[in-house]
Amino acid sequence: MDTIFALASGRVKSGVAVVRISGARSFQILEDLVSKPVPVGRPSVRVLRDKTGRHLDTALVLAFEKGASFTGEETVELHLHGSLAVVNAVLDVLAGFENTRLAEPGEFTRWALENDKLDLAQVEGLADLIEAETEAQRLQALRVLSGVLGDTAEIWRANLIRAAALLEATIDFADEDVPEDVTPEVAKILGMLAEQLRREVSASAVSERVQEGFEVAIVGAPNVGKSTLLNSIAGRDVAITSEVAGTTRDVLEVRLDLRGLPVTLLDTAGLRDTMDVIEALGIERALKRAESADLRIILLSPDDSDPIIEPKPDDIILVGKGDLYEGELPSVSGTTEKGIAELIDSLADTLEQRATGSGIAIRTRQRMAIADALEFIVAAIRTLSDEPSKIEYAVEDLYRAMHKLDSLVGRVDVEQILDEIFLSFCIGK
């Protein structure tokens, strides 16, 4: 296997740049660079030179033994001065060593998976941690990276093995006197598992929203202040505002961080009957996005207190252009910022409450694997209840459920998704 290397920190000017080398020749390459052995497991400062003795840089050097590194292979880290010229000079020298090459995107992490340093769920958690933009995303990714999903799946799997073993014992000793009826214990195990998996499937939908972001749509009739409100919350001019009705023709999006939660705020076309083909398309899109959004801010006209669409639970209903409104209903104004702080607090409170129900599975692939395992467990429960003579069918369903749980951590059926996962990593990770 080749020894691989790459810049592990961002390719920008910085105080420090980290170059990672991993593979069987890592320590030998390091000795060639510094002309002497380097202590393993503790940092040291060394002068790096190429084969001609040319001074490359003075670097902090770390060497990790096989099994003690991120990849599981011998690994060296060179903490260089962050000049692009220094980094390029060191990378050029490394490329000249025999059986040594630049790492592919995600290759260090792939080695970690192959050497059982990480399971597949942890790899996905690492990818999500690198992409995290908000505090909620960071905490969620860290939880998965810690191995909680793999540990939980292992507990589920152990219970399935116990249930299958009890049933198989019944099959093996069908012609003999079995000391006790195992069906009650199996039913208890499977019932408990089904409930746990059912809860996780439900909670994982919330986790996906935390990862991808909640959507909040601003909806209302034309010219009630939707675009002005969007600009006020965003703190910049995102949408064109005008007294002319129908200015917004498409859905405009602004990404926000509300108390650590990722939120996409949508400004939609004003809802009304129109003969304008382009405006009608905008209204159709507005209705679709408003329907699929996690939450809606419904703006009322100061002259009309009837919502333009049917509100859903948790939707926030306010009178727009609150600076021109003197009634008793709650109102908001993007022009004077009346009610803006209260609106943001209300949005954050509602979405925080929803986020508290997030689970440990945060990707669609993970949720689908758990949902499929649940289906097989439910089928086994049904068989044992309705057709107890067909125990072998129930056992087969339990093994299929185990297979699905194994796919969570990468034991089976994941080759087709590995390339897609690792391509999402940058080179050097």
# chains A, B, ... in the order shown; residues from 1 in each chain; ligands from 1

call {"tool": "residues_around", "arguments": {"residues": "region 386-401 of chain A", "least_positions_apart": "4", "cutoff": "6 Å", "atoms": "only C-alpha atoms", "output": "list in words"}}
result
Ala164, Ala373, Phe376, Ala380 and Arg382 of chain A

call {"tool": "write_last_selection", "arguments": {"atoms": "C-alpha atoms", "output": "compact mmCIF listing (two decimals), in the first residue's frame"}}
result
# COMPACT_ATOMS: atom_id res chain seq x y z
CA ALA A 164 -33.24 -15.43 17.28
CA ALA A 373 -35.06 -3.18 10.45
CA PHE A 376 -38.68 -6.96 9.69
CA ALA A 380 -41.52 -11.39 13.02
CA ARG A 382 -46.84 -10.77 13.53

call {"tool": "atom_distance", "arguments": {"atom1": "CA of Lys288 (chain A)", "atom2": "CA of Glu310 (chain A)"}}
result
13.5 Å

call {"tool": "closest_residue", "arguments": {"among": "A:Lys66, A:Phe5, A:Gln28, A:Val34", "to": "Pro105 (chain A)", "atoms": "only C-alpha atoms"}}
result
A:Phe5

call {"tool": "atom_distance", "arguments": {"atom1": "CA of Asp92 (chain A)", "atom2": "CA of Lys117 (chain A)"}}
result
29.5 Å

call {"tool": "closest_residue", "arguments": {"among": "A:Leu256, A:Ala8, A:Leu30, A:Leu190", "to": "Ala158 (chain A)", "atoms": "only C-alpha atoms"}}
result
A:Leu190

call {"tool": "closest_atom_pairs", "arguments": {"of": "region 186-237 of chain A", "to": "region 334-344 of chain A", "cutoff": "9 Å", "atoms": "only C-alpha atoms", "output": "Markdown table"}}
result
| residue | atom | partner | partner_atom | distance |
| --- | --- | --- | --- | --- |
| A:Gly225 | CA | A:Gly334 | CA | 7.1 |
| A:Lys226 | CA | A:Gly334 | CA | 8.3 |
| A:Ser227 | CA | A:Gly334 | CA | 8.4 |
| A:Thr228 | CA | A:Gly334 | CA | 5.1 |
| A:Leu229 | CA | A:Gly334 | CA | 4.2 |
| A:Leu230 | CA | A:Gly334 | CA | 7.6 |
| A:Asn231 | CA | A:Gly334 | CA | 7.4 |
| A:Ser232 | CA | A:Gly334 | CA | 5.2 |
| A:Ile233 | CA | A:Ile340 | CA | 7.2 |

call {"tool": "residues_around", "arguments": {"residues": "Ala187 (chain A)", "least_positions_apart": "3", "cutoff": "9 Å", "atoms": "only C-alpha atoms", "output": "VMD selection string"}}
result
chain A and resid 163 182 to 184 190 to 192 381 384 to 385

call {"tool": "closest_residue", "arguments": {"among": "A:Ile171, A:Leu318, A:Leu62, A:Ala379", "to": "Asp304 (chain A)", "atoms": "only C-alpha atoms"}}
result
A:Leu318

call {"tool": "atom_distance", "arguments": {"atom1": "CA of Glu253 (chain A)", "atom2": "CA of Asp323 (chain A)"}}
result
24.8 Å

call {"tool": "residues_around", "arguments": {"residues": "region 203-207 of chain A", "least_positions_apart": "4", "cutoff": "6 Å", "atoms": "only C-alpha atoms", "output": "PyMOL selection string"}}
result
chain A and resi 357-359+361-362

call {"tool": "closest_residue", "arguments": {"among": "A:Asp303, A:Glu74, A:Glu31, A:Glu200", "to": "Lys51 (chain A)", "atoms": "only C-alpha atoms"}}
result
A:Glu31

call {"tool": "closest_residue", "arguments": {"among": "A:Ile377, A:Met402, A:Leu299, A:Leu113", "to": "Lys321 (chain A)", "atoms": "only C-alpha atoms"}}
result
A:Leu299

call {"tool": "closest_residue", "arguments": {"among": "A:Ser9, A:Thr58, A:Ser407, A:Ser14", "to": "Gln366 (chain A)", "atoms": "only C-alpha atoms"}}
result
A:Ser407

call {"tool": "select_by_dssp", "arguments": {"residues": "region 178-360 of chain A", "states": "strand (DSSP E or B)", "output": "PyMOL selection string"}}
result
chain A and resi 214-220+252-258+261-267+295-301+304+316-319+331

call {"tool": "residues_around", "arguments": {"residues": "region 289-298 of chain A", "least_positions_apart": "6", "cutoff": "8 Å", "atoms": "only C-alpha atoms", "output": "number ranges by chain"}}
result
A: 214-220, 307-309, 311, 314-318

call {"tool": "write_last_selection", "arguments": {"atoms": "all heavy atoms", "output": "tab-separated table (two decimals), in the first residue's frame"}}
result
chain	number	residue	atom	x	y	z
A	214	PHE	N	-33.99	24.16	9.11
A	214	PHE	CA	-35.44	24.36	9.10
A	214	PHE	C	-35.80	25.42	8.06
A	214	PHE	O	-35.02	26.34	7.80
A	214	PHE	CB	-35.92	24.84	10.48
A	214	PHE	CG	-35.80	23.81	11.57
A	214	PHE	CD1	-34.70	23.78	12.40
A	214	PHE	CD2	-36.80	22.87	11.76
A	214	PHE	CE1	-34.59	22.84	13.41
A	214	PHE	CE2	-36.70	21.92	12.78
A	214	PHE	CZ	-35.59	21.90	13.59
A	215	GLU	N	-36.98	25.30	7.48
A	215	GLU	CA	-37.46	26.30	6.53
A	215	GLU	C	-38.63	27.06	7.14
A	215	GLU	O	-39.58	26.45	7.66
A	215	GLU	CB	-37.89	25.64	5.21
A	215	GLU	CG	-36.73	25.21	4.35
A	215	GLU	CD	-37.14	24.90	2.92
A	215	GLU	OE1	-38.37	24.78	2.66
A	215	GLU	OE2	-36.26	24.78	2.05
A	216	VAL	N	-38.56	28.38	7.06
A	216	VAL	CA	-39.63	29.25	7.55
A	216	VAL	C	-40.07	30.13	6.39
A	216	VAL	O	-39.25	30.88	5.83
A	216	VAL	CB	-39.16	30.11	8.73
A	216	VAL	CG1	-40.28	31.07	9.15
A	216	VAL	CG2	-38.73	29.24	9.90
A	217	ALA	N	-41.32	30.04	6.00
A	217	ALA	CA	-41.84	30.79	4.85
A	217	ALA	C	-42.63	32.00	5.32
A	217	ALA	O	-43.45	31.91	6.24
A	217	ALA	CB	-42.72	29.90	3.99
A	218	ILE	N	-42.37	33.14	4.70
A	218	ILE	CA	-43.16	34.35	4.92
A	218	ILE	C	-44.22	34.39	3.83
A	218	ILE	O	-43.89	34.44	2.64
A	218	ILE	CB	-42.30	35.62	4.87
A	218	ILE	CG1	-41.13	35.52	5.85
A	218	ILE	CG2	-43.15	36.85	5.18
A	218	ILE	CD1	-40.16	36.69	5.75
A	219	VAL	N	-45.48	34.35	4.20
A	219	VAL	CA	-46.56	34.31	3.21
A	219	VAL	C	-47.58	35.40	3.51
A	219	VAL	O	-47.72	35.86	4.64
A	219	VAL	CB	-47.26	32.94	3.17
A	219	VAL	CG1	-46.30	31.85	2.74
A	219	VAL	CG2	-47.84	32.58	4.53
A	220	GLY	N	-48.29	35.79	2.49
A	220	GLY	CA	-49.31	36.82	2.65
A	220	GLY	C	-49.71	37.36	1.30
A	220	GLY	O	-49.17	36.98	0.25
A	307	PRO	N	-56.41	35.45	7.46
A	307	PRO	CA	-55.19	34.85	6.89
A	307	PRO	C	-55.40	34.45	5.44
A	307	PRO	O	-56.48	33.96	5.08
A	307	PRO	CB	-54.94	33.63	7.78
A	307	PRO	CG	-55.67	33.92	9.05
A	307	PRO	CD	-56.88	34.72	8.65
A	308	ILE	N	-54.38	34.64	4.62
A	308	ILE	CA	-54.47	34.34	3.20
A	308	ILE	C	-54.46	32.84	2.94
A	308	ILE	O	-54.93	32.36	1.91
A	308	ILE	CB	-53.31	35.03	2.44
A	308	ILE	CG1	-53.60	35.10	0.93
A	308	ILE	CG2	-51.99	34.34	2.70
A	308	ILE	CD1	-54.64	36.10	0.55
A	309	ILE	N	-53.87	32.04	3.87
A	309	ILE	CA	-53.90	30.58	3.80
A	309	ILE	C	-54.33	30.04	5.15
A	309	ILE	O	-54.29	30.75	6.15
A	309	ILE	CB	-52.53	29.98	3.40
A	309	ILE	CG1	-51.47	30.31	4.47
A	309	ILE	CG2	-52.09	30.45	2.03
A	309	ILE	CD1	-50.15	29.60	4.26
A	311	PRO	N	-53.91	28.52	8.52
A	311	PRO	CA	-52.75	28.35	9.41
A	311	PRO	C	-52.62	26.91	9.92
A	311	PRO	O	-53.60	26.19	10.05
A	311	PRO	CB	-53.06	29.30	10.58
A	311	PRO	CG	-54.13	30.21	10.08
A	311	PRO	CD	-54.92	29.41	9.08
A	314	ASP	N	-48.49	26.15	15.35
A	314	ASP	CA	-47.21	26.86	15.53
A	314	ASP	C	-46.98	27.97	14.52
A	314	ASP	O	-46.01	28.74	14.66
A	314	ASP	CB	-46.00	25.91	15.49
A	314	ASP	CG	-45.95	24.97	16.69
A	314	ASP	OD1	-46.51	25.33	17.74
A	314	ASP	OD2	-45.35	23.89	16.56
A	315	ASP	N	-47.83	28.09	13.48
A	315	ASP	CA	-47.65	29.20	12.55
A	315	ASP	C	-47.80	30.53	13.30
A	315	ASP	O	-48.59	30.64	14.25
A	315	ASP	CB	-48.68	29.13	11.42
A	315	ASP	CG	-48.30	28.13	10.35
A	315	ASP	OD1	-47.18	27.59	10.43
A	315	ASP	OD2	-49.12	27.87	9.45
A	316	ILE	N	-47.03	31.51	12.88
A	316	ILE	CA	-47.04	32.83	13.52
A	316	ILE	C	-47.84	33.78	12.64
A	316	ILE	O	-47.51	33.99	11.46
A	316	ILE	CB	-45.61	33.35	13.73
A	316	ILE	CG1	-44.84	32.39	14.64
A	316	ILE	CG2	-45.63	34.75	14.31
A	316	ILE	CD1	-43.36	32.72	14.75
A	317	ILE	N	-48.91	34.37	13.19
A	317	ILE	CA	-49.79	35.26	12.43
A	317	ILE	C	-49.61	36.68	12.95
A	317	ILE	O	-49.81	36.96	14.14
A	317	ILE	CB	-51.26	34.82	12.55
A	317	ILE	CG1	-51.41	33.36	12.10
A	317	ILE	CG2	-52.15	35.73	11.73
A	317	ILE	CD1	-52.81	32.81	12.28
A	318	LEU	N	-49.23	37.58	12.06
A	318	LEU	CA	-48.97	38.97	12.42
A	318	LEU	C	-49.53	39.91	11.37
A	318	LEU	O	-49.65	39.54	10.20
A	318	LEU	CB	-47.46	39.23	12.53
A	318	LEU	CG	-46.66	38.43	13.57
A	318	LEU	CD1	-45.17	38.59	13.30
A	318	LEU	CD2	-47.01	38.90	14.98

call {"tool": "residues_around", "arguments": {"residues": "Arg363 (chain A)", "least_positions_apart": "2", "cutoff": "10 Å", "atoms": "only C-alpha atoms", "output": "VMD selection string"}}
result
chain A and resid 121 124 to 125 128 204 to 205 207 to 209 211 to 212 360 to 361 365 to 368

call {"tool": "write_last_selection", "arguments": {"atoms": "C-alpha atoms", "output": "PDB file, in the first residue's frame"}}
result
ATOM      1  CA  ALA A 121     -21.788   6.188  11.091  1.00  0.00           C
ATOM      2  CA  GLU A 124     -20.674  10.369   8.348  1.00  0.00           C
ATOM      3  CA  GLY A 125     -20.594  12.213  11.666  1.00  0.00           C
ATOM      4  CA  ASP A 128     -21.182  16.500   9.097  1.00  0.00           C
ATOM      5  CA  SER A 204     -34.381  11.071  13.122  1.00  0.00           C
ATOM      6  CA  ALA A 205     -36.666  13.252  10.996  1.00  0.00           C
ATOM      7  CA  SER A 207     -32.229  15.321  13.322  1.00  0.00           C
ATOM      8  CA  GLU A 208     -32.284  15.636   9.543  1.00  0.00           C
ATOM      9  CA  ARG A 209     -33.906  19.052   9.858  1.00  0.00           C
ATOM     10  CA  GLN A 211     -28.565  18.977   9.771  1.00  0.00           C
ATOM     11  CA  GLU A 212     -30.186  20.394   6.640  1.00  0.00           C
ATOM     12  CA  ILE A 360     -29.019   9.795  17.052  1.00  0.00           C
ATOM     13  CA  ALA A 361     -29.574   8.980  13.363  1.00  0.00           C
ATOM     14  CA  ARG A 365     -29.561   6.493   4.876  1.00  0.00           C
ATOM     15  CA  GLN A 366     -29.399   5.831   8.601  1.00  0.00           C
ATOM     16  CA  ARG A 367     -33.120   6.464   9.098  1.00  0.00           C
ATOM     17  CA  MET A 368     -34.030   4.137   6.234  1.00  0.00           C
TER      18      MET A 368
END

call {"tool": "select_by_dssp", "arguments": {"residues": "region 307-406 of chain A", "states": "alpha helix (DSSP H)", "output": "JSON, numbers by chain"}}
result
{"A": [340, 341, 342, 343, 344, 345, 346, 347, 348, 349, 350, 351, 352, 353, 354, 355, 364, 365, 366, 367, 368, 369, 370, 371, 372, 373, 374, 375, 376, 377, 378, 379, 380, 381, 382, 383, 384, 385, 386, 391, 392, 393, 394, 395, 396, 397, 398, 399, 400, 401, 402, 403, 404, 405, 406]}
